[in-house]
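One file, target_16.cif, is given below (mmCIF, C-alpha atoms).
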data_protein
loop_
_atom_site.group_PDB
_atom_site.id
_atom_site.type_symbol
_atom_site.label_atom_id
_atom_site.label_comp_id
_atom_site.auth_asym_id
_atom_site.auth_seq_id
_atom_site.Cartn_x
_atom_site.Cartn_y
_atom_site.Cartn_z
ATOM 1 C CA MET A 1192 0.000 0.000 0.000
ATOM 2 C CA ALA A 1193 1.309 3.450 -0.896
ATOM 3 C CA SER A 1194 2.491 5.646 1.944
ATOM 4 C CA LEU A 1195 0.780 8.886 2.912
ATOM 5 C CA GLN A 1196 3.659 10.886 1.455
ATOM 6 C CA ASP A 1197 3.385 9.103 -1.912
ATOM 7 C CA ILE A 1198 -0.363 9.727 -2.084
ATOM 8 C CA ARG A 1199 0.031 13.413 -1.194
ATOM 9 C CA ARG A 1200 2.704 13.679 -3.882
ATOM 10 C CA ARG A 1201 0.387 12.168 -6.486
ATOM 11 C CA ILE A 1202 -2.473 14.495 -5.508
ATOM 12 C CA SER A 1203 -0.181 17.509 -5.845
ATOM 13 C CA SER A 1204 1.015 16.309 -9.268
ATOM 14 C CA VAL A 1205 -2.540 15.781 -10.551
ATOM 15 C CA ARG A 1206 -3.585 19.221 -9.292
ATOM 16 C CA ASN A 1207 -0.710 20.843 -11.192
ATOM 17 C CA THR A 1208 -1.723 18.945 -14.319
ATOM 18 C CA ARG A 1209 -5.331 20.087 -13.864
ATOM 19 C CA LYS A 1210 -4.187 23.719 -13.776
ATOM 20 C CA ILE A 1211 -2.486 23.248 -17.156
ATOM 21 C CA THR A 1212 -5.425 21.483 -18.803
ATOM 22 C CA LYS A 1213 -7.883 24.068 -17.447
ATOM 23 C CA ALA A 1214 -5.762 26.924 -18.779
ATOM 24 C CA LEU A 1215 -5.492 25.265 -22.210
ATOM 25 C CA GLU A 1216 -9.255 24.726 -22.238
ATOM 26 C CA LEU A 1217 -9.927 28.417 -21.553
ATOM 27 C CA VAL A 1218 -7.407 29.584 -24.156
ATOM 28 C CA ALA A 1219 -8.787 27.210 -26.804
ATOM 29 C CA GLY A 1220 -12.338 28.357 -26.048
ATOM 30 C CA ALA A 1221 -11.439 32.033 -26.482
ATOM 31 C CA ARG A 1222 -9.564 31.395 -29.720
ATOM 32 C CA LEU A 1223 -12.334 29.141 -31.024
ATOM 33 C CA ARG A 1224 -14.807 32.031 -31.043
ATOM 34 C CA ARG A 1225 -12.477 34.064 -33.252
ATOM 35 C CA ALA A 1226 -11.914 31.077 -35.542
ATOM 36 C CA GLN A 1227 -15.668 30.613 -35.949
ATOM 37 C CA GLN A 1228 -16.053 34.260 -36.905
ATOM 38 C CA ARG A 1229 -13.351 33.882 -39.577
ATOM 39 C CA ILE A 1230 -15.115 30.859 -41.065
ATOM 40 C CA GLU A 1231 -18.480 32.620 -41.103
ATOM 41 C CA ALA A 1232 -16.876 35.563 -42.896
ATOM 42 C CA MET A 1233 -15.061 33.284 -45.363
ATOM 43 C CA ARG A 1234 -17.877 30.969 -46.452
ATOM 44 C CA PRO A 1235 -19.967 33.599 -48.330
ATOM 45 C CA TYR A 1236 -16.849 34.786 -50.182
ATOM 46 C CA ALA A 1237 -15.991 31.228 -51.227
ATOM 47 C CA ASP A 1238 -19.564 30.632 -52.406
ATOM 48 C CA ARG A 1239 -19.577 33.833 -54.472
ATOM 49 C CA MET A 1240 -16.215 32.893 -55.970
ATOM 50 C CA GLN A 1241 -17.617 29.563 -57.071
ATOM 51 C CA GLU A 1242 -20.694 31.236 -58.565
ATOM 52 C CA LEU A 1243 -18.483 33.653 -60.483
ATOM 53 C CA MET A 1244 -16.432 30.776 -61.869
ATOM 54 C CA VAL A 1245 -19.614 28.885 -62.786
ATOM 55 C CA GLY A 1246 -21.018 31.808 -64.765
ATOM 56 C CA THR A 1247 -17.757 32.329 -66.605
ATOM 57 C CA ALA A 1248 -17.401 28.596 -67.326
ATOM 58 C CA GLN A 1249 -20.894 28.562 -68.863
ATOM 59 C CA ALA A 1250 -19.889 31.315 -71.270
ATOM 60 C CA ALA A 1251 -16.557 29.715 -72.199
ATOM 61 C CA SER A 1252 -16.557 27.743 -75.425
ATOM 62 C CA SER A 1253 -13.563 25.526 -74.574
ATOM 63 C CA PHE A 1254 -11.327 24.562 -71.648
ATOM 64 C CA ARG A 1255 -8.415 23.307 -73.731
ATOM 65 C CA THR A 1256 -6.117 26.148 -72.717
ATOM 66 C CA LEU A 1257 -6.883 25.775 -69.002
ATOM 67 C CA ALA A 1258 -4.317 23.370 -67.528
ATOM 68 C CA LEU A 1259 -5.983 23.161 -64.119
ATOM 69 C CA MET A 1260 -9.191 21.788 -65.680
ATOM 70 C CA GLN A 1261 -7.534 19.335 -68.046
ATOM 71 C CA ARG A 1262 -7.691 15.700 -66.985
ATOM 72 C CA HIS A 1263 -4.559 13.704 -67.664
ATOM 73 C CA GLU A 1264 -4.939 10.657 -69.841
ATOM 74 C CA GLU A 1265 -3.561 8.285 -67.188
ATOM 75 C CA MET A 1266 -3.899 8.528 -63.415
ATOM 76 C CA ARG A 1267 -0.395 7.368 -62.554
ATOM 77 C CA ARG A 1268 0.407 9.484 -59.503
ATOM 78 C CA ILE A 1269 -1.883 10.943 -56.837
ATOM 79 C CA ALA A 1270 -0.902 13.726 -54.448
ATOM 80 C CA ILE A 1271 -2.406 13.401 -50.963
ATOM 81 C CA VAL A 1272 -2.408 16.563 -48.838
ATOM 82 C CA PRO A 1273 -3.422 15.994 -45.187
ATOM 83 C CA ILE A 1274 -3.969 19.118 -43.078
ATOM 84 C CA THR A 1275 -2.921 18.456 -39.483
ATOM 85 C CA GLY A 1276 -2.014 20.591 -36.481
ATOM 86 C CA ASP A 1277 1.339 21.883 -35.325
ATOM 87 C CA ARG A 1278 0.651 20.659 -31.799
ATOM 88 C CA GLY A 1279 -1.051 17.774 -30.057
ATOM 89 C CA LEU A 1280 -3.324 17.673 -26.989
ATOM 90 C CA ALA A 1281 -6.349 17.728 -29.311
ATOM 91 C CA GLY A 1282 -7.779 14.236 -28.971
ATOM 92 C CA PRO A 1283 -8.255 12.372 -32.277
ATOM 93 C CA PHE A 1284 -7.856 15.516 -34.402
ATOM 94 C CA ASN A 1285 -4.561 14.570 -36.085
ATOM 95 C CA GLY A 1286 -5.024 10.812 -35.968
ATOM 96 C CA GLN A 1287 -8.313 10.704 -37.869
ATOM 97 C CA VAL A 1288 -6.976 12.839 -40.714
ATOM 98 C CA LEU A 1289 -3.883 10.658 -41.088
ATOM 99 C CA ARG A 1290 -5.943 7.463 -40.961
ATOM 100 C CA ARG A 1291 -8.096 8.710 -43.838
ATOM 101 C CA ALA A 1292 -4.966 9.736 -45.757
ATOM 102 C CA PHE A 1293 -3.404 6.285 -45.310
ATOM 103 C CA GLU A 1294 -6.693 4.726 -46.413
ATOM 104 C CA LEU A 1295 -6.525 6.766 -49.629
ATOM 105 C CA GLU A 1296 -2.928 5.634 -50.071
ATOM 106 C CA ARG A 1297 -3.926 1.965 -49.808
ATOM 107 C CA GLN A 1298 -6.681 2.487 -52.386
ATOM 108 C CA ALA A 1299 -4.235 4.172 -54.767
ATOM 109 C CA LEU A 1300 -1.599 1.465 -54.361
ATOM 110 C CA SER A 1301 -4.183 -1.256 -54.927
ATOM 111 C CA GLY A 1302 -4.969 0.455 -58.237
ATOM 112 C CA SER A 1303 -1.276 0.439 -59.259
ATOM 113 C CA GLN A 1304 -0.953 4.182 -58.701
ATOM 114 C CA GLU A 1305 1.917 5.995 -57.038
ATOM 115 C CA VAL A 1306 1.428 8.452 -54.186
ATOM 116 C CA SER A 1307 3.114 11.788 -53.520
ATOM 117 C CA TRP A 1308 2.820 13.299 -50.054
ATOM 118 C CA LEU A 1309 2.458 16.976 -49.246
ATOM 119 C CA VAL A 1310 1.503 17.861 -45.694
ATOM 120 C CA VAL A 1311 0.378 20.890 -43.707
ATOM 121 C CA GLY A 1312 1.238 20.868 -40.001
ATOM 122 C CA ARG A 1313 4.165 19.593 -37.928
ATOM 123 C CA LYS A 1314 2.283 16.596 -36.534
ATOM 124 C CA GLY A 1315 1.529 15.189 -39.957
ATOM 125 C CA ALA A 1316 5.061 15.832 -41.183
ATOM 126 C CA SER A 1317 6.647 14.125 -38.172
ATOM 127 C CA THR A 1318 4.380 11.075 -38.569
ATOM 128 C CA LEU A 1319 5.187 10.716 -42.260
ATOM 129 C CA ARG A 1320 8.919 11.133 -41.636
ATOM 130 C CA PHE A 1321 8.751 8.506 -38.889
ATOM 131 C CA ARG A 1322 7.254 6.129 -41.476
ATOM 132 C CA ARG A 1323 10.084 7.128 -43.843
ATOM 133 C CA TYR A 1324 7.882 8.774 -46.466
ATOM 134 C CA GLU A 1325 9.443 11.264 -48.843
ATOM 135 C CA LEU A 1326 7.627 14.608 -48.761
ATOM 136 C CA ALA A 1327 7.141 16.618 -51.939
ATOM 137 C CA GLY A 1328 6.109 19.642 -49.870
ATOM 138 C CA GLN A 1329 5.428 20.644 -46.289
ATOM 139 C CA TRP A 1330 4.161 23.739 -44.495
ATOM 140 C CA ALA A 1331 3.918 24.469 -40.788
ATOM 141 C CA GLY A 1332 3.611 27.251 -38.242
ATOM 142 C CA PHE A 1333 0.111 28.499 -39.114
ATOM 143 C CA SER A 1334 -2.232 25.575 -38.440
ATOM 144 C CA ASP A 1335 -4.192 27.357 -35.681
ATOM 145 C CA ARG A 1336 -4.273 30.795 -37.363
ATOM 146 C CA PRO A 1337 -3.774 30.545 -41.150
ATOM 147 C CA GLU A 1338 -3.569 33.551 -43.444
ATOM 148 C CA TYR A 1339 -4.462 33.815 -47.111
ATOM 149 C CA ALA A 1340 -0.767 33.992 -48.014
ATOM 150 C CA ASP A 1341 -0.337 30.516 -46.505
ATOM 151 C CA ALA A 1342 -3.075 29.160 -48.767
ATOM 152 C CA GLN A 1343 -1.403 30.841 -51.743
ATOM 153 C CA ALA A 1344 1.882 29.077 -50.998
ATOM 154 C CA VAL A 1345 0.172 25.688 -50.839
ATOM 155 C CA ALA A 1346 -1.923 26.346 -53.955
ATOM 156 C CA HIS A 1347 1.095 27.506 -55.961
ATOM 157 C CA ARG A 1348 3.016 24.317 -55.195
ATOM 158 C CA LEU A 1349 0.066 22.058 -56.007
ATOM 159 C CA ALA A 1350 -0.680 23.870 -59.279
ATOM 160 C CA GLU A 1351 2.997 23.676 -60.181
ATOM 161 C CA LEU A 1352 3.112 19.905 -59.672
ATOM 162 C CA TYR A 1353 -0.111 19.371 -61.620
ATOM 163 C CA THR A 1354 0.695 21.557 -64.615
ATOM 164 C CA ALA A 1355 4.182 19.998 -64.842
ATOM 165 C CA GLY A 1356 2.615 16.554 -65.037
ATOM 166 C CA GLU A 1357 4.297 15.305 -61.867
ATOM 167 C CA VAL A 1358 0.914 14.423 -60.352
ATOM 168 C CA ASP A 1359 -2.363 13.561 -62.051
ATOM 169 C CA ARG A 1360 -4.727 14.162 -59.147
ATOM 170 C CA VAL A 1361 -4.625 16.177 -55.916
ATOM 171 C CA VAL A 1362 -6.707 15.168 -52.888
ATOM 172 C CA LEU A 1363 -7.082 17.312 -49.775
ATOM 173 C CA VAL A 1364 -7.848 15.673 -46.407
ATOM 174 C CA TYR A 1365 -8.845 17.840 -43.443
ATOM 175 C CA ASN A 1366 -11.218 18.190 -40.500
ATOM 176 C CA ARG A 1367 -14.389 20.077 -41.356
ATOM 177 C CA PHE A 1368 -15.833 22.182 -38.554
ATOM 178 C CA VAL A 1369 -19.491 21.344 -37.899
ATOM 179 C CA SER A 1370 -19.884 22.509 -34.322
ATOM 180 C CA PRO A 1371 -17.694 22.924 -31.230
ATOM 181 C CA LEU A 1372 -18.419 19.261 -30.417
ATOM 182 C CA VAL A 1373 -18.440 17.765 -33.930
ATOM 183 C CA GLN A 1374 -15.612 17.734 -36.478
ATOM 184 C CA ARG A 1375 -15.791 15.458 -39.508
ATOM 185 C CA VAL A 1376 -12.977 14.333 -41.791
ATOM 186 C CA GLN A 1377 -13.488 15.749 -45.268
ATOM 187 C CA THR A 1378 -11.900 14.495 -48.497
ATOM 188 C CA SER A 1379 -11.878 16.976 -51.363
ATOM 189 C CA ASP A 1380 -10.595 16.591 -54.934
ATOM 190 C CA LEU A 1381 -8.741 19.802 -55.763
ATOM 191 C CA LEU A 1382 -7.119 19.061 -59.110
ATOM 192 C CA PRO A 1383 -8.184 18.722 -61.775
ATOM 193 C CA ILE A 1384 -11.003 21.137 -60.993
ATOM 194 C CA PRO A 1385 -13.933 18.718 -60.496
ATOM 195 C CA GLU A 1386 -16.575 18.882 -63.184
ATOM 196 C CA HIS A 1387 -19.377 18.785 -60.619
ATOM 197 C CA VAL A 1388 -18.133 22.110 -59.234
ATOM 198 C CA HIS A 1389 -19.320 23.971 -62.294
ATOM 199 C CA ARG A 1390 -21.750 21.437 -63.765
ATOM 200 C CA GLY A 1391 -23.905 20.966 -60.658
ATOM 201 C CA ALA A 1392 -23.968 24.662 -59.872
ATOM 202 C CA ALA A 1393 -24.733 25.434 -63.511
ATOM 203 C CA GLU A 1394 -27.772 23.153 -63.479
ATOM 204 C CA GLN A 1395 -28.976 24.764 -60.259
ATOM 205 C CA ALA A 1396 -28.505 28.258 -61.669
ATOM 206 C CA GLU A 1397 -30.328 27.252 -64.856
ATOM 207 C CA ALA A 1398 -33.271 25.908 -62.842
ATOM 208 C CA GLU A 1399 -33.479 29.094 -60.782
ATOM 209 C CA GLU A 1400 -33.318 31.385 -63.798
ATOM 210 C CA LYS A 1401 -35.721 29.450 -66.014
ATOM 211 C CA PRO A 1402 -38.875 31.360 -64.962
ATOM 212 C CA ARG A 1403 -37.368 34.772 -65.617
ATOM 213 C CA GLY A 1404 -34.831 33.943 -68.325
ATOM 214 C CA ARG A 1405 -31.064 33.911 -68.188
ATOM 215 C CA PRO A 1406 -29.323 37.286 -68.474
ATOM 216 C CA ASP A 1407 -26.992 37.744 -71.415
ATOM 217 C CA PHE A 1408 -23.596 39.062 -70.283
ATOM 218 C CA ILE A 1409 -20.889 40.547 -72.451
ATOM 219 C CA TYR A 1410 -17.431 39.399 -71.292
ATOM 220 C CA GLU A 1411 -14.334 41.513 -71.765
ATOM 221 C CA PRO A 1412 -11.809 39.969 -72.222
ATOM 222 C CA GLU A 1413 -12.939 36.550 -73.446
ATOM 223 C CA PRO A 1414 -14.447 34.146 -70.857
ATOM 224 C CA GLU A 1415 -11.519 31.741 -71.337
ATOM 225 C CA GLN A 1416 -9.049 34.457 -70.357
ATOM 226 C CA ILE A 1417 -11.111 35.445 -67.314
ATOM 227 C CA LEU A 1418 -11.440 31.810 -66.281
ATOM 228 C CA GLU A 1419 -7.691 31.352 -66.612
ATOM 229 C CA ARG A 1420 -7.216 34.023 -63.943
ATOM 230 C CA LEU A 1421 -10.096 32.815 -61.779
ATOM 231 C CA LEU A 1422 -8.979 29.190 -61.505
ATOM 232 C CA PRO A 1423 -5.823 29.853 -59.418
ATOM 233 C CA VAL A 1424 -7.838 32.166 -57.156
ATOM 234 C CA TYR A 1425 -10.525 29.502 -56.820
ATOM 235 C CA LEU A 1426 -7.863 26.956 -55.851
ATOM 236 C CA GLU A 1427 -6.400 29.325 -53.259
ATOM 237 C CA THR A 1428 -9.863 30.057 -51.882
ATOM 238 C CA GLU A 1429 -10.703 26.360 -51.466
ATOM 239 C CA ILE A 1430 -7.417 25.696 -49.684
ATOM 240 C CA TYR A 1431 -7.879 28.751 -47.465
ATOM 241 C CA ARG A 1432 -11.365 27.588 -46.520
ATOM 242 C CA ALA A 1433 -9.957 24.130 -45.661
ATOM 243 C CA LEU A 1434 -7.223 25.724 -43.526
ATOM 244 C CA LEU A 1435 -9.785 27.799 -41.620
ATOM 245 C CA GLU A 1436 -12.041 24.764 -41.138
ATOM 246 C CA SER A 1437 -9.072 22.784 -39.841
ATOM 247 C CA ALA A 1438 -7.983 25.589 -37.502
ATOM 248 C CA ALA A 1439 -11.428 25.861 -35.922
ATOM 249 C CA SER A 1440 -11.672 22.066 -35.683
ATOM 250 C CA PHE A 1441 -8.291 21.912 -33.929
ATOM 251 C CA LEU A 1442 -9.296 24.481 -31.310
ATOM 252 C CA ALA A 1443 -12.657 22.786 -30.753
ATOM 253 C CA ALA A 1444 -11.006 19.373 -30.418
ATOM 254 C CA GLN A 1445 -8.391 20.775 -28.052
ATOM 255 C CA ARG A 1446 -11.008 22.434 -25.865
ATOM 256 C CA THR A 1447 -12.994 19.194 -25.654
ATOM 257 C CA ALA A 1448 -9.878 17.131 -24.918
ATOM 258 C CA MET A 1449 -8.696 19.517 -22.201
ATOM 259 C CA ARG A 1450 -12.167 19.648 -20.663
ATOM 260 C CA ASN A 1451 -12.232 15.848 -20.494
ATOM 261 C CA ALA A 1452 -8.696 15.834 -19.063
ATOM 262 C CA SER A 1453 -9.710 18.321 -16.346
ATOM 263 C CA SER A 1454 -12.748 16.217 -15.496
ATOM 264 C CA ASN A 1455 -10.617 13.078 -15.293
ATOM 265 C CA ALA A 1456 -8.153 14.918 -13.059
ATOM 266 C CA ASN A 1457 -10.992 15.872 -10.693
ATOM 267 C CA ASP A 1458 -12.122 12.237 -10.524
ATOM 268 C CA LEU A 1459 -8.584 11.066 -9.888
ATOM 269 C CA ILE A 1460 -8.090 13.644 -7.115
ATOM 270 C CA ASP A 1461 -11.313 12.450 -5.460
ATOM 271 C CA ARG A 1462 -10.160 8.818 -5.570
ATOM 272 C CA LEU A 1463 -6.698 9.681 -4.258
ATOM 273 C CA THR A 1464 -8.198 11.812 -1.470
ATOM 274 C CA LEU A 1465 -10.409 8.895 -0.429
ATOM 275 C CA GLN A 1466 -7.375 6.611 -0.532
ATOM 276 C CA LEU A 1467 -5.424 9.143 1.552
ATOM 277 C CA ASN A 1468 -8.170 9.313 4.172
ATOM 278 C CA ARG A 1469 -8.342 5.543 4.378
ATOM 279 C CA ALA A 1470 -4.578 5.304 4.758
ATOM 280 C CA ARG A 1471 -4.604 7.941 7.520
ATOM 281 C CA GLN A 1472 -7.439 6.134 9.283
ATOM 282 C CA ALA A 1473 -5.581 2.839 9.092
ATOM 283 C CA GLU A 1474 -2.432 4.484 10.400
ATOM 284 C CA ILE A 1475 -4.283 6.067 13.341
ATOM 285 C CA THR A 1476 -6.028 2.777 14.122
ATOM 286 C CA GLN A 1477 -2.686 0.984 14.093
ATOM 287 C CA GLU A 1478 -1.208 3.544 16.490
ATOM 288 C CA ILE A 1479 -4.185 3.145 18.875
ATOM 289 C CA LEU A 1480 -3.795 -0.639 18.812
ATOM 290 C CA GLU A 1481 -0.119 -0.317 19.584
ATOM 291 C CA VAL A 1482 -0.853 2.004 22.536
ATOM 292 C CA VAL A 1483 -3.542 -0.335 23.885
ATOM 293 C CA ALA A 1484 -1.264 -3.347 23.483
ATOM 294 C CA GLY A 1485 1.536 -1.530 25.331
ATOM 295 C CA ALA A 1486 -0.810 -0.527 28.161
ATOM 296 C CA ASP A 1487 -2.043 -4.117 28.508
ATOM 297 C CA ALA A 1488 1.544 -5.362 28.624
ATOM 298 C CA LEU A 1489 2.428 -2.927 31.409
ATOM 299 C CA ALA A 1490 -0.731 -3.758 33.361
ATOM 300 C CA GLY A 1491 -0.098 -7.489 33.087
#

Taking this structure as input, can you express it in the form of structure tokens?
Amino acid sequence: MASLQDIRRRISSVRNTRKITKALELVAGARLRRAQQRIEAMRPYADRMQELMVGTAQAASSFRTLALMQRHEEMRRIAIVPITGDRGLAGPFNGQVLRRAFELERQALSGSQEVSWLVVGRKGASTLRFRRYELAGQWAGFSDRPEYADAQAVAHRLAELYTAGEVDRVVLVYNRFVSPLVQRVQTSDLLPIPEHVHRGAAEQAEAEEKPRGRPDFIYEPEPEQILERLLPVYLETEIYRALLESAASFLAAQRTAMRNASSNANDLIDRLTLQLNRARQAEITQEILEVVAGADALAG
């Protein structure tokens, strides 16, 4: 049985740990509110960007000059881009993204396709290096507060690999923020620009405009030239939205994990305190028995 000093030492250690987890929970909660505001401000912009690209794509007569929309004849190499955090202490946040990424890798290898890895976040990079993967690109230092320039850097590298023919498909894997308690792993095809992005939205726009007729726009310069400039911006916008979703998901997951850790620390302190009281009671009882036994010996 542990001594009283050992139990007191454990209680003190758990209390110090609880202070840390409680502080991290409060910090994550405060930062989560700001992250939610950034997402709410970003989503309408991303939707309008997609609508603008849809309208321009409808007016374009051909996509042959647009490299980002051209599908390669053979899908020989796939680029997988997991978005992870720079730090841990966030429950399953990093693990579930990497598990989905490795699942995509197994599917690609089973189809005789090669895989290139590009990763956002220190946790993902360290895991891939530990498994001795070669990284074609990595970015870190902004996972909990990304800026648009960070998305531009990622988008530029991905577009460069795709247009050079080094990869034939780019898949983004990240945590999508649903609520402070729910984050879901999202898989998104970035390149080539998916046809459903403009086809599905085009059908919806056509259905909405059918009663009143579609407006006839005059494009200057040609729609193909406008679309050529819009596609890189669309790619950057999608990556930026994914980075913001991941940042909010990380803070939400960290707050939940630290709240659970604080609750577990409280339960552990209660159990150790009960154990301490029992040990003290046993020690006092033993001392009383020794005194009584000594008194009986002297009296006899």

(request) Considering only C-alpha atoms, state which residue in the set A:Ile1274, A:Met1266, A:Leu1326, A:Leu1280 is at the smallest distance from Val1358 in chain A. (result)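 Looking at the shortest contact to Val1358 in chain A, the residue is A:Met1266.
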
(request) Figure out the distance between CA of Glu1351 in chain A and CA of Arg1268 in chain A, please, to one decimal in Å. (result) 14.4 Å

(message) Here is a test: counting only C-alpha atoms, which residue of A:Val1424, A:Leu1363, A:Ile1417, A:Ala1473 is nearest to Asp1380 in chain A?
(response)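 Looking at the shortest contact to Asp1380 in chain A, the residue is A:Leu1363.
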
Could I get the residues of range 1295-1373 of chain A with an atom no further than 8 Å from an atom of range 1434-1455 of chain A, each paired with its nearest atom pair and that distance in Å to one decimal, using all atoms listed in the file, sorted by chain and residue number, as CSV?
residue,atom,partner,partner_atom,distance
A:Ser1334,CA,A:Ala1438,CA,5.8
A:Asp1335,CA,A:Ala1438,CA,4.6
A:Arg1336,CA,A:Ala1438,CA,6.4
A:Pro1337,CA,A:Leu1434,CA,6.4
A:Ala1342,CA,A:Leu1434,CA,7.5
A:Tyr1365,CA,A:Ser1437,CA,6.1
A:Asn1366,CA,A:Ser1437,CA,5.1
A:Arg1367,CA,A:Glu1436,CA,5.2
A:Phe1368,CA,A:Ser1440,CA,5.1
A:Pro1371,CA,A:Ala1443,CA,5.1
A:Leu1372,CA,A:Ala1443,CA,6.8

(request) Record the distance separating CA of Thr1275 in chain A and CA of Val1311 in chain A, expressed in Å with one decimal. (result) 5.9 Å

(request) Check the smallest atom-to-atom distance from each of A:Ala1237, A:Ala1350, A:Met1260, A:Ile1271 to Trp1308 in chain A using all atoms listed in the file, then report the winner. (result)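 Looking at the shortest contact to Trp1308 in chain A, the residue is A:Ile1271.
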
(message) Ranking A:Tyr1339, A:Tyr1324, A:Phe1293, A:Tyr1425 by minimum distance to Val1245 in chain A and counting only C-alpha atoms, which one comes first?
(response) A:Tyr1425

(message) Could you tell me how far CA of Gly1315 in chain A sits from CA of Trp1330 in chain A, in Å to one decimal place?
(response) 10.0 Å

(request) Choose the residue, out of A:Gln1477, A:Thr1208, A:Ser1370, A:Gln1466, that has the smallest atom-to-atom separation from Gln1196 in chain A; count all atoms listed in the file. (result)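 Ranked by minimum distance to Gln1196 in chain A, first place goes to A:Gln1466.
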
(message) Between A:Ala1258, A:Ala1486, A:Gln1241, A:Lys1314, which residue has the minimum interatomic distance to Gly1286 in chain A, considering only C-alpha atoms?
(response)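 When distances to Gly1286 in chain A are compared using only C-alpha atoms, the smallest one comes from A:Lys1314.
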
(request) Given the file shown, determine the residues that the PyMOL selection byres ((chain A and resi 1270) around 9) selects; report them as a list of chain:residue names. (result)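 Checked against the file, the PyMOL selection byres ((chain A and resi 1270) around 9) matches A:Arg1268, A:Ile1269, A:Ile1271, A:Val1272, A:Glu1305, A:Val1306, A:Ser1307, A:Trp1308, A:Leu1309, A:Ala1327, A:Leu1349, A:Val1358, A:Asp1359, A:Arg1360, A:Val1361, A:Val1362, A:Leu1363.
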
(request) Let me know the residues the PyMOL selection byres ((chain A and resi 1313) around 7) catches in the file above, as JSON, numbers by chain. (result) {"A": [1276, 1277, 1312, 1314, 1315, 1316, 1317, 1331]}

Store the residues of this selection in a file with C-alpha atoms, as a short mmCIF file (atom, residue, chain, number, x, y, z; two decimals), in the frame of the given file.
data_model
loop_
_atom_site.label_atom_id
_atom_site.label_comp_id
_atom_site.auth_asym_id
_atom_site.auth_seq_id
_atom_site.Cartn_x
_atom_site.Cartn_y
_atom_site.Cartn_z
CA GLY A 1276 -2.01 20.59 -36.48
CA ASP A 1277 1.34 21.88 -35.33
CA GLY A 1312 1.24 20.87 -40.00
CA LYS A 1314 2.28 16.60 -36.53
CA GLY A 1315 1.53 15.19 -39.96
CA ALA A 1316 5.06 15.83 -41.18
CA SER A 1317 6.65 14.12 -38.17
CA ALA A 1331 3.92 24.47 -40.79
#

(message) Residue by residue, what does the PyMOL selection byres ((chain A and resi 1346) around 8) grab here? Present the result as a list in words.
(response)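 That expression, the PyMOL selection byres ((chain A and resi 1346) around 8), corresponds here to Ala1342, Gln1343, Ala1344, Val1345, His1347, Arg1348, Leu1349, Ala1350, Pro1423, Leu1426, Glu1427 and Ile1430 of chain A.
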